[in-house]
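Enquirer: Coordinates in entry.txt, compact mmCIF, C-alpha atoms, are listed below.
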```txt
# COMPACT_ATOMS: atom_id res chain seq x y z
CA MET A 1 8.43 28.54 -5.85
CA LEU A 2 5.07 29.58 -7.32
CA THR A 3 2.63 26.89 -6.29
CA ARG A 4 -1.02 26.56 -7.21
CA ARG A 5 -2.00 27.43 -3.63
CA ARG A 6 0.13 30.57 -3.54
CA LEU A 7 -1.29 31.61 -6.89
CA LEU A 8 -4.84 31.26 -5.54
CA LYS A 9 -3.98 33.24 -2.41
CA SER A 10 -2.44 35.99 -4.51
CA ALA A 11 -5.50 36.11 -6.74
CA ALA A 12 -7.79 36.22 -3.71
CA ALA A 13 -5.96 39.30 -2.44
CA THR A 14 -6.87 41.11 -5.67
CA GLY A 15 -10.51 40.05 -5.46
CA PHE A 16 -10.35 37.77 -8.50
CA VAL A 17 -10.05 34.04 -7.83
CA THR A 18 -10.03 31.41 -10.55
CA GLY A 19 -9.60 27.67 -10.51
CA ALA A 20 -6.99 25.90 -12.58
CA SER A 21 -9.59 25.44 -15.30
CA GLY A 22 -10.05 29.21 -15.59
CA LEU A 23 -13.57 29.14 -14.11
CA ALA A 24 -14.32 31.55 -11.28
CA MET A 25 -14.61 29.86 -7.90
CA PRO A 26 -18.35 30.68 -7.61
CA ALA A 27 -18.85 28.78 -10.86
CA LEU A 28 -17.08 25.79 -9.36
CA ALA A 29 -19.36 25.92 -6.36
CA GLN A 30 -22.44 26.22 -8.57
CA GLY A 31 -21.85 23.17 -10.72
CA ALA A 32 -18.37 22.57 -12.08
CA PRO A 33 -17.14 19.09 -11.09
CA ILE A 34 -15.13 18.27 -8.02
CA ARG A 35 -11.93 16.83 -9.46
CA ILE A 36 -10.23 13.88 -7.83
CA GLY A 37 -6.72 12.97 -8.98
CA TYR A 38 -5.68 9.34 -8.69
CA VAL A 39 -2.11 8.14 -9.24
CA SER A 40 -1.03 4.48 -9.28
CA PRO A 41 1.49 2.22 -11.08
CA GLN A 42 -0.70 0.94 -13.91
CA THR A 43 2.30 -0.19 -15.97
CA GLY A 44 5.81 -1.39 -15.10
CA PRO A 45 7.00 -3.86 -12.45
CA LEU A 46 4.49 -2.65 -9.84
CA ALA A 47 1.48 -2.95 -12.14
CA GLY A 48 0.01 -5.80 -10.08
CA PHE A 49 -0.93 -3.25 -7.45
CA ALA A 50 -3.17 -1.48 -9.97
CA GLU A 51 -4.94 -4.53 -11.40
CA ALA A 52 -8.22 -3.51 -9.76
CA ASP A 53 -8.03 0.19 -10.69
CA ALA A 54 -10.24 0.14 -13.78
CA PHE A 55 -12.83 -2.06 -12.08
CA THR A 56 -12.95 0.21 -9.01
CA ILE A 57 -13.04 3.53 -10.83
CA GLU A 58 -15.73 2.33 -13.23
CA ALA A 59 -17.86 1.27 -10.26
CA PHE A 60 -17.26 4.58 -8.47
CA ASN A 61 -18.22 6.57 -11.55
CA ARG A 62 -21.49 4.61 -11.81
CA ILE A 63 -22.27 5.29 -8.16
CA ALA A 64 -21.44 8.98 -8.53
CA ALA A 65 -23.75 9.25 -11.55
CA ASP A 66 -26.56 7.41 -9.75
CA GLN A 67 -26.21 9.70 -6.72
CA GLY A 68 -26.01 12.86 -8.80
CA TRP A 69 -22.52 13.68 -7.55
CA ASN A 70 -20.66 16.01 -9.87
CA ILE A 71 -17.27 14.34 -9.44
CA GLU A 72 -14.60 13.76 -12.07
CA VAL A 73 -11.81 11.22 -11.50
CA ILE A 74 -8.57 12.04 -13.30
CA VAL A 75 -6.35 8.96 -13.51
CA LYS A 76 -2.56 9.09 -13.89
CA ASP A 77 -0.08 6.26 -14.42
CA SER A 78 3.21 6.50 -12.50
CA GLN A 79 4.67 3.76 -14.74
CA SER A 80 6.22 2.33 -11.52
CA ASN A 81 8.69 5.22 -11.55
CA PRO A 82 8.98 7.71 -8.64
CA ASN A 83 10.05 10.57 -10.90
CA ARG A 84 7.13 9.93 -13.21
CA ALA A 85 4.81 9.77 -10.18
CA ALA A 86 5.92 13.25 -9.12
CA ASP A 87 5.52 14.59 -12.66
CA VAL A 88 1.98 13.31 -13.14
CA ALA A 89 0.99 14.54 -9.68
CA GLN A 90 2.15 18.03 -10.65
CA GLU A 91 0.28 17.68 -13.93
CA ALA A 92 -2.94 16.71 -12.16
CA ILE A 93 -2.64 19.68 -9.80
CA ILE A 94 -1.55 22.39 -12.22
CA ASP A 95 -3.04 21.33 -15.56
CA ASP A 96 -6.14 19.43 -14.43
CA GLY A 97 -6.97 21.54 -11.39
CA ILE A 98 -7.76 18.71 -9.00
CA HIS A 99 -9.18 19.41 -5.55
CA LEU A 100 -8.32 16.10 -3.88
CA MET A 101 -5.46 13.68 -4.52
CA LEU A 102 -5.72 9.92 -4.02
CA VAL A 103 -2.62 7.75 -4.34
CA ALA A 104 -1.76 4.12 -3.66
CA SER A 105 0.74 1.35 -4.05
CA THR A 106 4.21 1.32 -2.47
CA PRO A 107 6.35 4.27 -1.31
CA GLU A 108 7.71 4.59 -4.84
CA THR A 109 4.28 5.96 -5.75
CA THR A 110 2.79 7.36 -2.54
CA ASN A 111 5.81 9.38 -1.43
CA PRO A 112 6.57 11.49 -4.51
CA VAL A 113 2.88 12.15 -5.09
CA THR A 114 2.25 13.12 -1.47
CA THR A 115 5.33 15.33 -1.38
CA VAL A 116 4.22 17.25 -4.47
CA ALA A 117 0.62 17.59 -3.29
CA GLU A 118 1.67 18.71 0.19
CA SER A 119 3.91 21.41 -1.28
CA GLU A 120 1.01 22.59 -3.45
CA GLY A 121 -1.51 22.61 -0.59
CA ILE A 122 -3.65 19.85 -2.11
CA PRO A 123 -5.36 17.49 0.37
CA THR A 124 -4.15 13.92 -0.16
CA ILE A 125 -5.32 10.50 1.01
CA SER A 126 -2.85 7.66 0.47
CA THR A 127 -2.65 3.96 1.21
CA MET A 128 -0.91 0.66 0.40
CA ALA A 129 2.53 1.55 1.77
CA PRO A 130 3.74 0.83 5.32
CA TRP A 131 3.42 4.00 7.34
CA GLN A 132 7.10 4.30 8.31
CA PRO A 133 8.50 4.61 4.77
CA TRP A 134 5.60 6.92 3.95
CA PHE A 135 5.95 9.28 6.92
CA ILE A 136 9.65 9.05 7.77
CA GLY A 137 10.72 8.72 4.15
CA GLN A 138 9.28 12.14 3.33
CA GLN A 139 11.00 13.97 6.17
CA GLY A 140 13.84 16.34 5.39
CA ASN A 141 16.21 14.25 7.52
CA PRO A 142 14.85 10.73 7.99
CA GLY A 143 17.76 9.91 10.30
CA ASP A 144 16.95 12.66 12.80
CA PRO A 145 13.67 11.99 14.64
CA GLY A 146 13.90 15.35 16.37
CA SER A 147 13.45 17.09 13.02
CA TRP A 148 10.35 15.17 11.92
CA ARG A 149 7.22 17.26 11.42
CA PRO A 150 3.58 16.38 10.66
CA PHE A 151 1.96 17.19 7.33
CA ASP A 152 -0.78 19.78 6.86
CA TYR A 153 -2.66 18.21 3.95
CA SER A 154 -1.57 14.57 3.77
CA TYR A 155 -3.25 11.58 5.41
CA HIS A 156 -2.30 7.92 5.17
CA TYR A 157 -3.87 4.65 6.27
CA PHE A 158 -2.23 1.22 6.25
CA TRP A 159 -0.21 -0.98 8.61
CA GLY A 160 3.34 -0.46 9.87
CA LEU A 161 6.58 -2.41 10.20
CA GLU A 162 5.68 -3.29 13.80
CA ASP A 163 2.63 -5.11 12.46
CA VAL A 164 4.46 -7.04 9.76
CA ILE A 165 7.15 -8.03 12.28
CA ALA A 166 4.46 -9.47 14.56
CA VAL A 167 2.65 -11.24 11.71
CA PHE A 168 5.81 -12.76 10.23
CA THR A 169 7.21 -14.00 13.55
CA ASN A 170 3.80 -15.38 14.55
CA MET A 171 3.78 -17.46 11.36
CA TRP A 172 7.38 -18.62 11.78
CA ASP A 173 6.70 -19.59 15.40
CA GLN A 174 4.37 -22.27 14.04
CA LEU A 175 7.35 -23.99 12.34
CA ASP A 176 10.43 -25.82 13.63
CA THR A 177 13.33 -23.64 12.41
CA ASN A 178 16.77 -22.48 13.57
CA LYS A 179 15.41 -18.89 13.67
CA VAL A 180 17.99 -17.61 11.18
CA VAL A 181 16.32 -15.18 8.77
CA ALA A 182 17.79 -14.18 5.41
CA GLY A 183 16.88 -10.60 4.42
CA LEU A 184 16.28 -9.42 0.85
CA PHE A 185 16.18 -5.63 0.96
CA PRO A 186 16.48 -3.56 -2.24
CA ASN A 187 17.89 -0.08 -2.53
CA ASP A 188 14.54 1.71 -2.58
CA ALA A 189 12.27 3.40 -0.03
CA ASP A 190 10.75 0.13 1.17
CA GLY A 191 14.03 -1.78 1.25
CA ASN A 192 15.89 0.96 3.10
CA ALA A 193 13.12 1.25 5.68
CA TRP A 194 12.79 -2.50 6.22
CA GLY A 195 16.55 -3.05 6.24
CA ASP A 196 17.46 -0.18 8.57
CA PRO A 197 19.47 -1.78 11.39
CA ASN A 198 17.91 0.49 14.02
CA THR A 199 14.35 1.11 12.89
CA GLY A 200 13.77 -1.73 10.39
CA VAL A 201 12.55 -5.28 10.90
CA ALA A 202 15.72 -6.89 12.31
CA PRO A 203 15.44 -5.43 15.84
CA GLY A 204 11.82 -6.59 16.03
CA PHE A 205 12.73 -10.05 14.81
CA ALA A 206 15.49 -10.20 17.41
CA GLU A 207 13.00 -9.52 20.20
CA ASP A 208 11.37 -12.83 19.28
CA GLY A 209 14.69 -14.66 19.06
CA TYR A 210 15.24 -14.43 15.29
CA GLU A 211 18.65 -13.49 13.86
CA THR A 212 18.65 -11.55 10.58
CA VAL A 213 21.34 -12.05 7.94
CA ASP A 214 21.48 -8.92 5.76
CA PRO A 215 24.03 -9.03 2.90
CA GLY A 216 23.26 -5.41 1.94
CA ARG A 217 21.14 -3.58 -0.60
CA TYR A 218 20.71 -4.64 -4.20
CA GLN A 219 19.27 -2.73 -7.16
CA ASN A 220 15.72 -3.42 -8.30
CA LEU A 221 15.44 -5.49 -11.50
CA THR A 222 18.74 -7.24 -10.81
CA ASP A 223 19.30 -10.45 -12.76
CA ASP A 224 21.74 -12.22 -10.43
CA PHE A 225 21.14 -13.04 -6.75
CA THR A 226 24.11 -15.39 -6.44
CA ALA A 227 25.86 -13.22 -3.83
CA GLN A 228 22.77 -13.11 -1.64
CA ILE A 229 22.08 -16.82 -2.04
CA ASN A 230 25.66 -17.73 -1.09
CA ALA A 231 25.44 -15.54 2.03
CA PHE A 232 22.16 -17.17 3.02
CA LYS A 233 23.53 -20.69 2.47
CA GLN A 234 26.65 -19.89 4.48
CA ALA A 235 24.45 -18.68 7.37
CA ASN A 236 22.30 -21.82 7.09
CA ALA A 237 19.18 -19.64 7.01
CA ASP A 238 15.91 -21.54 7.43
CA ILE A 239 13.79 -18.49 6.59
CA VAL A 240 13.83 -15.85 3.85
CA THR A 241 12.09 -12.52 4.20
CA GLY A 242 12.23 -9.12 2.53
CA VAL A 243 10.28 -6.57 0.54
CA VAL A 244 10.81 -7.44 -3.11
CA ILE A 245 9.19 -6.39 -6.38
CA PRO A 246 7.52 -9.29 -8.24
CA PRO A 247 10.00 -9.81 -11.11
CA ASP A 248 12.95 -9.80 -8.70
CA PHE A 249 11.34 -12.41 -6.49
CA THR A 250 10.74 -14.69 -9.46
CA THR A 251 14.42 -14.38 -10.36
CA PHE A 252 15.52 -15.03 -6.78
CA ARG A 253 13.21 -18.01 -6.26
CA ASN A 254 14.31 -19.72 -9.47
CA GLN A 255 18.03 -19.10 -8.84
CA ALA A 256 17.76 -20.24 -5.20
CA SER A 257 16.26 -23.54 -6.32
CA GLN A 258 18.90 -23.98 -9.03
CA GLN A 259 21.68 -23.32 -6.52
CA GLY A 260 20.37 -25.72 -3.88
CA PHE A 261 19.10 -23.19 -1.35
CA ASN A 262 15.88 -24.59 0.09
CA PRO A 263 14.68 -22.74 3.20
CA LYS A 264 11.76 -23.94 5.30
CA ALA A 265 9.85 -20.69 4.89
CA ILE A 266 9.88 -17.81 2.42
CA THR A 267 7.81 -14.94 3.76
CA VAL A 268 8.17 -11.80 1.68
CA ALA A 269 6.18 -8.61 1.32
CA LYS A 270 5.13 -6.98 -1.96
CA ALA A 271 6.31 -9.71 -4.35
CA ILE A 272 3.69 -12.42 -3.79
CA LEU A 273 0.62 -10.39 -2.96
CA PHE A 274 -0.99 -11.22 -6.29
CA PRO A 275 -2.16 -14.52 -7.78
CA GLN A 276 -0.37 -13.95 -11.08
CA SER A 277 2.97 -13.49 -9.28
CA VAL A 278 2.62 -16.90 -7.65
CA GLU A 279 1.14 -18.62 -10.71
CA THR A 280 4.32 -17.91 -12.70
CA LEU A 281 6.29 -20.02 -10.20
CA GLY A 282 4.17 -23.15 -10.58
CA GLU A 283 4.89 -25.72 -7.87
CA ALA A 284 7.57 -23.43 -6.39
CA GLY A 285 4.77 -21.08 -5.35
CA HIS A 286 3.17 -23.61 -2.99
CA ASN A 287 3.27 -22.51 0.68
CA LEU A 288 5.00 -19.20 0.04
CA SER A 289 3.80 -16.81 2.74
CA SER A 290 3.22 -13.09 3.09
CA GLU A 291 1.27 -10.42 4.87
CA VAL A 292 -2.47 -10.24 4.13
CA TRP A 293 -4.03 -6.80 4.32
CA TRP A 294 -7.36 -7.70 2.70
CA SER A 295 -9.09 -10.83 1.48
CA ALA A 296 -12.48 -12.13 0.43
CA ASN A 297 -12.87 -13.44 3.98
CA HIS A 298 -12.31 -10.15 5.80
CA PRO A 299 -15.41 -9.32 7.89
CA PHE A 300 -15.90 -5.79 6.57
CA THR A 301 -18.51 -4.03 4.44
CA SER A 302 -18.30 -1.17 1.93
CA SER A 303 -19.82 2.13 3.01
CA LEU A 304 -20.34 2.93 -0.69
CA THR A 305 -22.07 -0.19 -1.98
CA GLY A 306 -23.01 -2.24 1.08
CA GLN A 307 -21.06 -5.17 -0.38
CA SER A 308 -19.24 -7.56 1.92
CA SER A 309 -15.61 -8.39 1.18
CA SER A 310 -16.65 -11.69 -0.38
CA GLU A 311 -19.25 -9.96 -2.56
CA LEU A 312 -16.76 -7.35 -3.76
CA ALA A 313 -14.20 -10.05 -4.55
CA ALA A 314 -16.83 -12.07 -6.46
CA ALA A 315 -17.89 -8.98 -8.40
CA PHE A 316 -14.29 -8.40 -9.48
CA THR A 317 -13.92 -11.99 -10.66
CA GLU A 318 -17.23 -11.86 -12.54
CA ALA A 319 -16.26 -8.61 -14.27
CA THR A 320 -12.68 -9.54 -15.14
CA GLY A 321 -12.43 -13.31 -15.13
CA ARG A 322 -9.48 -12.99 -12.74
CA PRO A 323 -9.16 -14.16 -9.12
CA TRP A 324 -9.54 -11.51 -6.46
CA THR A 325 -6.43 -9.62 -5.42
CA GLN A 326 -5.62 -7.75 -2.22
CA PRO A 327 -5.56 -4.21 -3.66
CA ILE A 328 -9.27 -4.51 -4.60
CA GLY A 329 -10.25 -3.72 -1.03
CA PHE A 330 -7.86 -0.85 -0.47
CA ILE A 331 -8.43 0.91 -3.79
CA HIS A 332 -12.19 0.60 -3.19
CA SER A 333 -11.71 2.03 0.30
CA LEU A 334 -9.82 5.06 -1.07
CA PHE A 335 -12.94 6.04 -2.98
CA GLU A 336 -15.12 5.27 0.04
CA VAL A 337 -13.10 7.74 2.10
CA ALA A 338 -13.04 10.29 -0.71
CA ALA A 339 -16.84 10.17 -1.12
CA ASP A 340 -17.35 10.45 2.62
CA VAL A 341 -14.98 13.41 2.91
CA ILE A 342 -16.50 15.30 -0.02
CA GLN A 343 -20.02 14.85 1.31
CA ARG A 344 -18.98 16.20 4.71
CA THR A 345 -17.21 19.27 3.31
CA GLU A 346 -19.25 22.44 2.83
CA ASP A 347 -17.04 23.55 -0.06
CA PRO A 348 -14.91 20.70 -1.50
CA THR A 349 -12.97 23.22 -3.57
CA ASP A 350 -11.55 24.70 -0.36
CA PRO A 351 -8.34 22.78 0.47
CA ASP A 352 -8.33 23.75 4.13
CA GLY A 353 -11.91 22.64 4.61
CA LEU A 354 -11.25 19.41 2.74
CA ALA A 355 -8.17 18.68 4.87
CA GLU A 356 -10.17 19.30 8.04
CA ALA A 357 -12.84 16.86 6.83
CA ILE A 358 -10.20 14.19 6.14
CA ALA A 359 -8.76 14.65 9.63
CA ALA A 360 -12.27 14.22 11.10
CA THR A 361 -12.98 10.97 9.21
CA ASN A 362 -14.71 8.25 11.25
CA LEU A 363 -15.70 5.61 8.72
CA ASP A 364 -16.16 1.84 8.58
CA THR A 365 -14.88 0.68 5.19
CA ILE A 366 -14.29 -2.52 3.25
CA VAL A 367 -10.78 -2.68 4.85
CA GLY A 368 -11.86 -1.82 8.39
CA HIS A 369 -12.22 1.36 10.40
CA VAL A 370 -10.53 4.52 9.12
CA GLU A 371 -10.07 7.30 11.65
CA TRP A 372 -7.05 9.54 12.18
CA ASN A 373 -7.25 9.40 15.97
CA GLY A 374 -3.65 8.35 16.64
CA GLU A 375 -4.56 4.89 17.91
CA GLY A 376 -1.52 2.60 17.87
CA VAL A 377 0.68 5.24 16.21
CA PRO A 378 3.62 7.13 17.78
CA ASP A 379 2.91 10.74 18.66
CA PHE A 380 5.11 12.10 15.87
CA ALA A 381 2.92 10.45 13.20
CA ALA A 382 -0.44 10.40 14.99
CA GLN A 383 -1.85 13.38 13.09
CA ASN A 384 -1.31 11.82 9.67
CA VAL A 385 -1.41 8.03 10.07
CA CYS A 386 -4.27 5.58 10.66
CA LYS A 387 -3.50 1.88 11.05
CA THR A 388 -5.48 -0.94 9.47
CA PRO A 389 -5.44 -4.64 10.49
CA LEU A 390 -2.90 -7.14 9.20
CA VAL A 391 -2.79 -10.94 9.26
CA GLY A 392 -0.57 -13.61 7.69
CA GLY A 393 -1.29 -16.05 4.89
CA GLN A 394 0.10 -18.79 2.66
CA TRP A 395 -0.49 -19.60 -0.98
CA ARG A 396 -1.79 -23.14 -1.46
CA ARG A 397 -1.58 -24.69 -4.91
CA GLN A 398 -4.82 -26.36 -5.97
CA ASP A 399 -5.26 -29.49 -8.08
CA ASP A 400 -6.01 -27.41 -11.18
CA GLY A 401 -2.77 -25.40 -10.80
CA SER A 402 -4.45 -22.28 -9.41
CA PHE A 403 -3.55 -20.82 -6.02
CA GLU A 404 -5.61 -19.94 -2.96
CA LEU A 405 -4.43 -17.49 -0.31
CA VAL A 406 -5.17 -19.00 3.10
CA VAL A 407 -5.02 -16.93 6.30
CA VAL A 408 -2.85 -18.89 8.75
CA ASP A 409 -2.29 -16.40 11.56
CA ASN A 410 -4.59 -13.74 13.02
CA GLN A 411 -3.06 -13.02 16.42
CA THR A 412 -2.71 -9.35 15.47
CA ALA A 413 -6.33 -9.09 14.23
CA PRO A 414 -8.52 -11.82 15.78
CA GLN A 415 -11.63 -10.46 14.06
CA ILE A 416 -10.28 -11.83 10.77
CA PRO A 417 -10.78 -15.64 10.71
CA THR A 418 -8.00 -18.12 9.97
CA GLN A 419 -8.46 -20.87 7.39
CA GLY A 420 -5.50 -23.12 8.19
CA GLU A 421 -2.10 -23.43 9.84
CA MET A 422 1.37 -22.46 8.66
CA GLN A 423 3.14 -25.22 6.71
CA PRO A 424 6.83 -25.53 5.76
CA LEU A 425 7.86 -25.26 2.12
CA SER A 426 9.13 -28.82 2.12
```
Let me see whether you can do it: turn the structure in this file into structure tokens.
Expert:
Amino acid sequence: MLTRRRLLKSAAATGFVTGASGLAMPALAQGAPIRIGYVSPQTGPLAGFAEADAFTIEAFNRIAADQGWNIEVIVKDSQSNPNRAADVAQEAIIDDGIHLMLVASTPETTNPVTTVAESEGIPTISTMAPWQPWFIGQQGNPGDPGSWRPFDYSYHYFWGLEDVIAVFTNMWDQLDTNKVVAGLFPNDADGNAWGDPNTGVAPGFAEDGYETVDPGRYQNLTDDFTAQINAFKQANADIVTGVVIPPDFTTFRNQASQQGFNPKAITVAKAILFPQSVETLGEAGHNLSSEVWWSANHPFTSSLTGQSSSELAAAFTEATGRPWTQPIGFIHSLFEVAADVIQRTEDPTDPDGLAEAIAATNLDTIVGHVEWNGEGVPDFAAQNVCKTPLVGGQWRRQDDGSFELVVVDNQTAPQIPTQGEMQPLS
């Protein structure tokens, strides 16, 4: 396979090296822009993850101009489709000649983009996907740990399944339940990772006394959850969990109510991270719970702007008229890390130098500390994964019909303050 990196190496051997734009490398060093590729799901069922993209990139471009940084951000839409994500990543590398890839928002986006960039020798920073589906999901044989290998150019920061297990069970422990958990796991990278009977969430739940009922995988964008609901009712499940895309959760929640399935807690990842996803449910959204990776109350500050989390959230609301949403912090942090890395690299057009600078990152960001030092990560992933803090929260419906995300458990990250206690759905 002729990759961009191999092409450059071949050209270097002949004494004539050009960038993808056709400019000689010395010209790049003398003033052509450093090109950052950014891929996210700006349309499709995962579009909620990208709601803050335009706001963040516009702010970054202003900062870059004010600082005199010659940086160009090339934005690509995955359309919530893994195949499309891979295609636009290849396009950014080959056609646009990017030097650094940034990618965010679920394994359906991060994995295909990272895989393409790694194969092309393009340094990549990714986030907003649990580290297990990101790292293990890209291995040649995910079922054989002995075959897993680290990446040369790819670096990821976020939390892992061990963190979400702890957060979810900590929240459930605040309620009086029968500890029977119904699992909603789709047939995608997230669902297969979470639902794996050996390495997924069920063994961790069991360690805290929770039994998981898993009726098997379903296809994303399904329109009938009757089979799952019947299985959950038969098991008398007091709790529902899973990793569900927003439209599927809306379908499930409405059908569960119609069919008389009323658990004491519904704690799901992905589906109810965003205000608009909960707003569509009306009263049925009250006291739904999920993981919280960033909020306006997180005690962190941007290395780019000096804004606190609350100030960044307020700026988003002022600019868009929308309530803050969790991805604001992490998308902002991607550009914090990118700016830090580029400034520390002698030649940002050199992929090896850029990768070394990413690996040496030691930065306090709006989402917490980012450093690939292996802390809290198994040895096999320590080179490529940095963990960020995670807490648990519930959506509380306000008198005006809006919703507020309230942190109700912080045992896994005590530095993030709680604002209330876990409450049952009914």
Enquirer: So how many Å separate atom CA of A:Lys179 and atom CA of A:Ala235, to one decimal?
Expert: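 Result for atom CA of A:Lys179 versus atom CA of A:Ala235: 11.0 Å, one decimal.
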Enquirer: Using only C-alpha atoms, can you tell me which of A:Met128, A:Thr345, A:Gln174, A:Thr305 comes closest to A:Gln67?
Expert: A:Thr305
Enquirer: Between atom CA of A:Thr250 and atom CA of A:Pro263, what is the distance in Å, rounded to a tenth?
Expert: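 Distance reported for this atom pair: 15.5 Å.
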Enquirer: Might you pull out every residue within 9 Å of A:His332, with all atoms listed in the file counted and same-chain residues fewer than 2 positions away left off, and present them as a PDB file with C-alpha atoms, keeping the file's coordinate frame?
Expert:
```
ATOM      1  CA  ALA A  52      -8.220  -3.510  -9.760  1.00  0.00           C
ATOM      2  CA  ASP A  53      -8.030   0.190 -10.690  1.00  0.00           C
ATOM      3  CA  THR A  56     -12.950   0.210  -9.010  1.00  0.00           C
ATOM      4  CA  ILE A  57     -13.040   3.530 -10.830  1.00  0.00           C
ATOM      5  CA  PHE A  60     -17.260   4.580  -8.470  1.00  0.00           C
ATOM      6  CA  SER A 302     -18.300  -1.170   1.930  1.00  0.00           C
ATOM      7  CA  LEU A 304     -20.340   2.930  -0.690  1.00  0.00           C
ATOM      8  CA  PRO A 327      -5.560  -4.210  -3.660  1.00  0.00           C
ATOM      9  CA  ILE A 328      -9.270  -4.510  -4.600  1.00  0.00           C
ATOM     10  CA  GLY A 329     -10.250  -3.720  -1.030  1.00  0.00           C
ATOM     11  CA  PHE A 330      -7.860  -0.850  -0.470  1.00  0.00           C
ATOM     12  CA  LEU A 334      -9.820   5.060  -1.070  1.00  0.00           C
ATOM     13  CA  PHE A 335     -12.940   6.040  -2.980  1.00  0.00           C
ATOM     14  CA  GLU A 336     -15.120   5.270   0.040  1.00  0.00           C
ATOM     15  CA  VAL A 337     -13.100   7.740   2.100  1.00  0.00           C
ATOM     16  CA  THR A 365     -14.880   0.680   5.190  1.00  0.00           C
ATOM     17  CA  ILE A 366     -14.290  -2.520   3.250  1.00  0.00           C
ATOM     18  CA  VAL A 367     -10.780  -2.680   4.850  1.00  0.00           C
TER      19      VAL A 367
END
```
Enquirer: Find the residues with any atom within 7 Å of (1.9, -21.1, -1.9); use only C-alpha atoms and the coordinates as given in the file, and write the answer as an NGL selection string.
Expert: :A and (285-289 or 394-397 or 403)
Enquirer: Would you list the residues near (20.5, -17.4, 6.9) (no more than 8 Å away, in the coordinates of the file, using only C-alpha atoms) as a VMD selection string?
Expert: chain A and resid 180 to 182 212 to 213 231 to 240
Enquirer: Which residue is closest to A:Phe151? Choose from A:Ile136, A:Val164, A:Ala32, A:Leu102 and count all atoms listed in the file.
Expert: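 Among the listed residues, A:Ile136 lies closest to A:Phe151.
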Enquirer: Take every atom of stretch 160-176 of chain A listed in the file, pad by 5 Å on each side, and give me the axis-aligned box centre and edge lengths in Å, one decimal, as lines of an AutoDock Vina configuration file.
Expert:
```
center_x = 6.5
center_y = -13.1
center_z = 12.6
size_x = 17.8
size_y = 35.4
size_z = 15.6
```
Enquirer: Considering all atoms listed in the file, give me a table of residues in stretch 215-253 of chain A that are at most 12 Å from stretch 103-126 of chain A, with the closest atom pair and distance in Å for each, as JSON lines.
Expert:
```
{"residue": "A:Asn220", "atom": "CA", "partner": "A:Glu108", "partner_atom": "CA", "distance": 11.8}
{"residue": "A:Val243", "atom": "CA", "partner": "A:Thr106", "partner_atom": "CA", "distance": 10.4}
{"residue": "A:Val244", "atom": "CA", "partner": "A:Thr106", "partner_atom": "CA", "distance": 11.0}
{"residue": "A:Ile245", "atom": "CA", "partner": "A:Thr106", "partner_atom": "CA", "distance": 10.0}
```
Enquirer: Could you list, as a list in words, every residue within 9 Å of A:Ile358, counting only C-alpha atoms and ignoring same-chain residues fewer than 5 positions away?
Expert: Pro123, Thr124, Ile125, Tyr153, Ser154, Tyr155, Val337, Ala338, Asp340, Val341, Ile342, Gly353, Glu371 and Trp372 of chain A
Enquirer: Grab the atom CA of A:Glu72 to atom CA of A:Ser295 distance for me, in Å with one decimal place.
Expert: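 About the pair atom CA of A:Glu72 and atom CA of A:Ser295: they are 28.6 Å apart.
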Enquirer: Please determine, counting all atoms listed in the file, which residue among A:Pro82, A:Gly392, A:Pro247, A:Gly260 has the shortest atom-to-atom distance to A:Gln276.
Expert: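 Comparing A:Pro82, A:Gly392, A:Pro247, A:Gly260 against A:Gln276, the winner is A:Pro247.
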Enquirer: Restricting the calculation to all atoms listed in the file: of A:Gly282, A:Glu211, A:Gly160, A:Thr320, which residue gets closest to A:Gly401?
Expert: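 Closest residue, counting all atoms listed in the file: A:Gly282.
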Enquirer: When distances are computed from all atoms listed in the file, which of A:Ile74, A:Ala360, A:Leu354, A:Ala227 shows the smallest separation from A:Tyr38?
Expert: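 Among the listed residues, the smallest separation from A:Tyr38 belongs to A:Ile74.
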Enquirer: From the set A:Gln383, A:Thr241, A:Gln415, A:Thr361, which residue has the shortest atom-to-atom contact distance to A:Phe300, counting all atoms listed in the file?
Expert: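 The shortest atom-to-atom distance to A:Phe300 comes from A:Gln415.
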Enquirer: Kindly assemble as a Markdown table a list of the stretch 313-337 of chain A residues that lie within 8 Å of stretch 266-275 of chain A, each paired with its nearest atom pair and their distance in Å to one decimal, using only C-alpha atoms, sorted first by chain and then by ascending residue number.
Expert:
```
| residue | atom | partner | partner_atom | distance |
| --- | --- | --- | --- | --- |
| A:Pro323 | CA | A:Pro275 | CA | 7.1 |
| A:Thr325 | CA | A:Phe274 | CA | 5.7 |
| A:Gln326 | CA | A:Leu273 | CA | 6.8 |
```
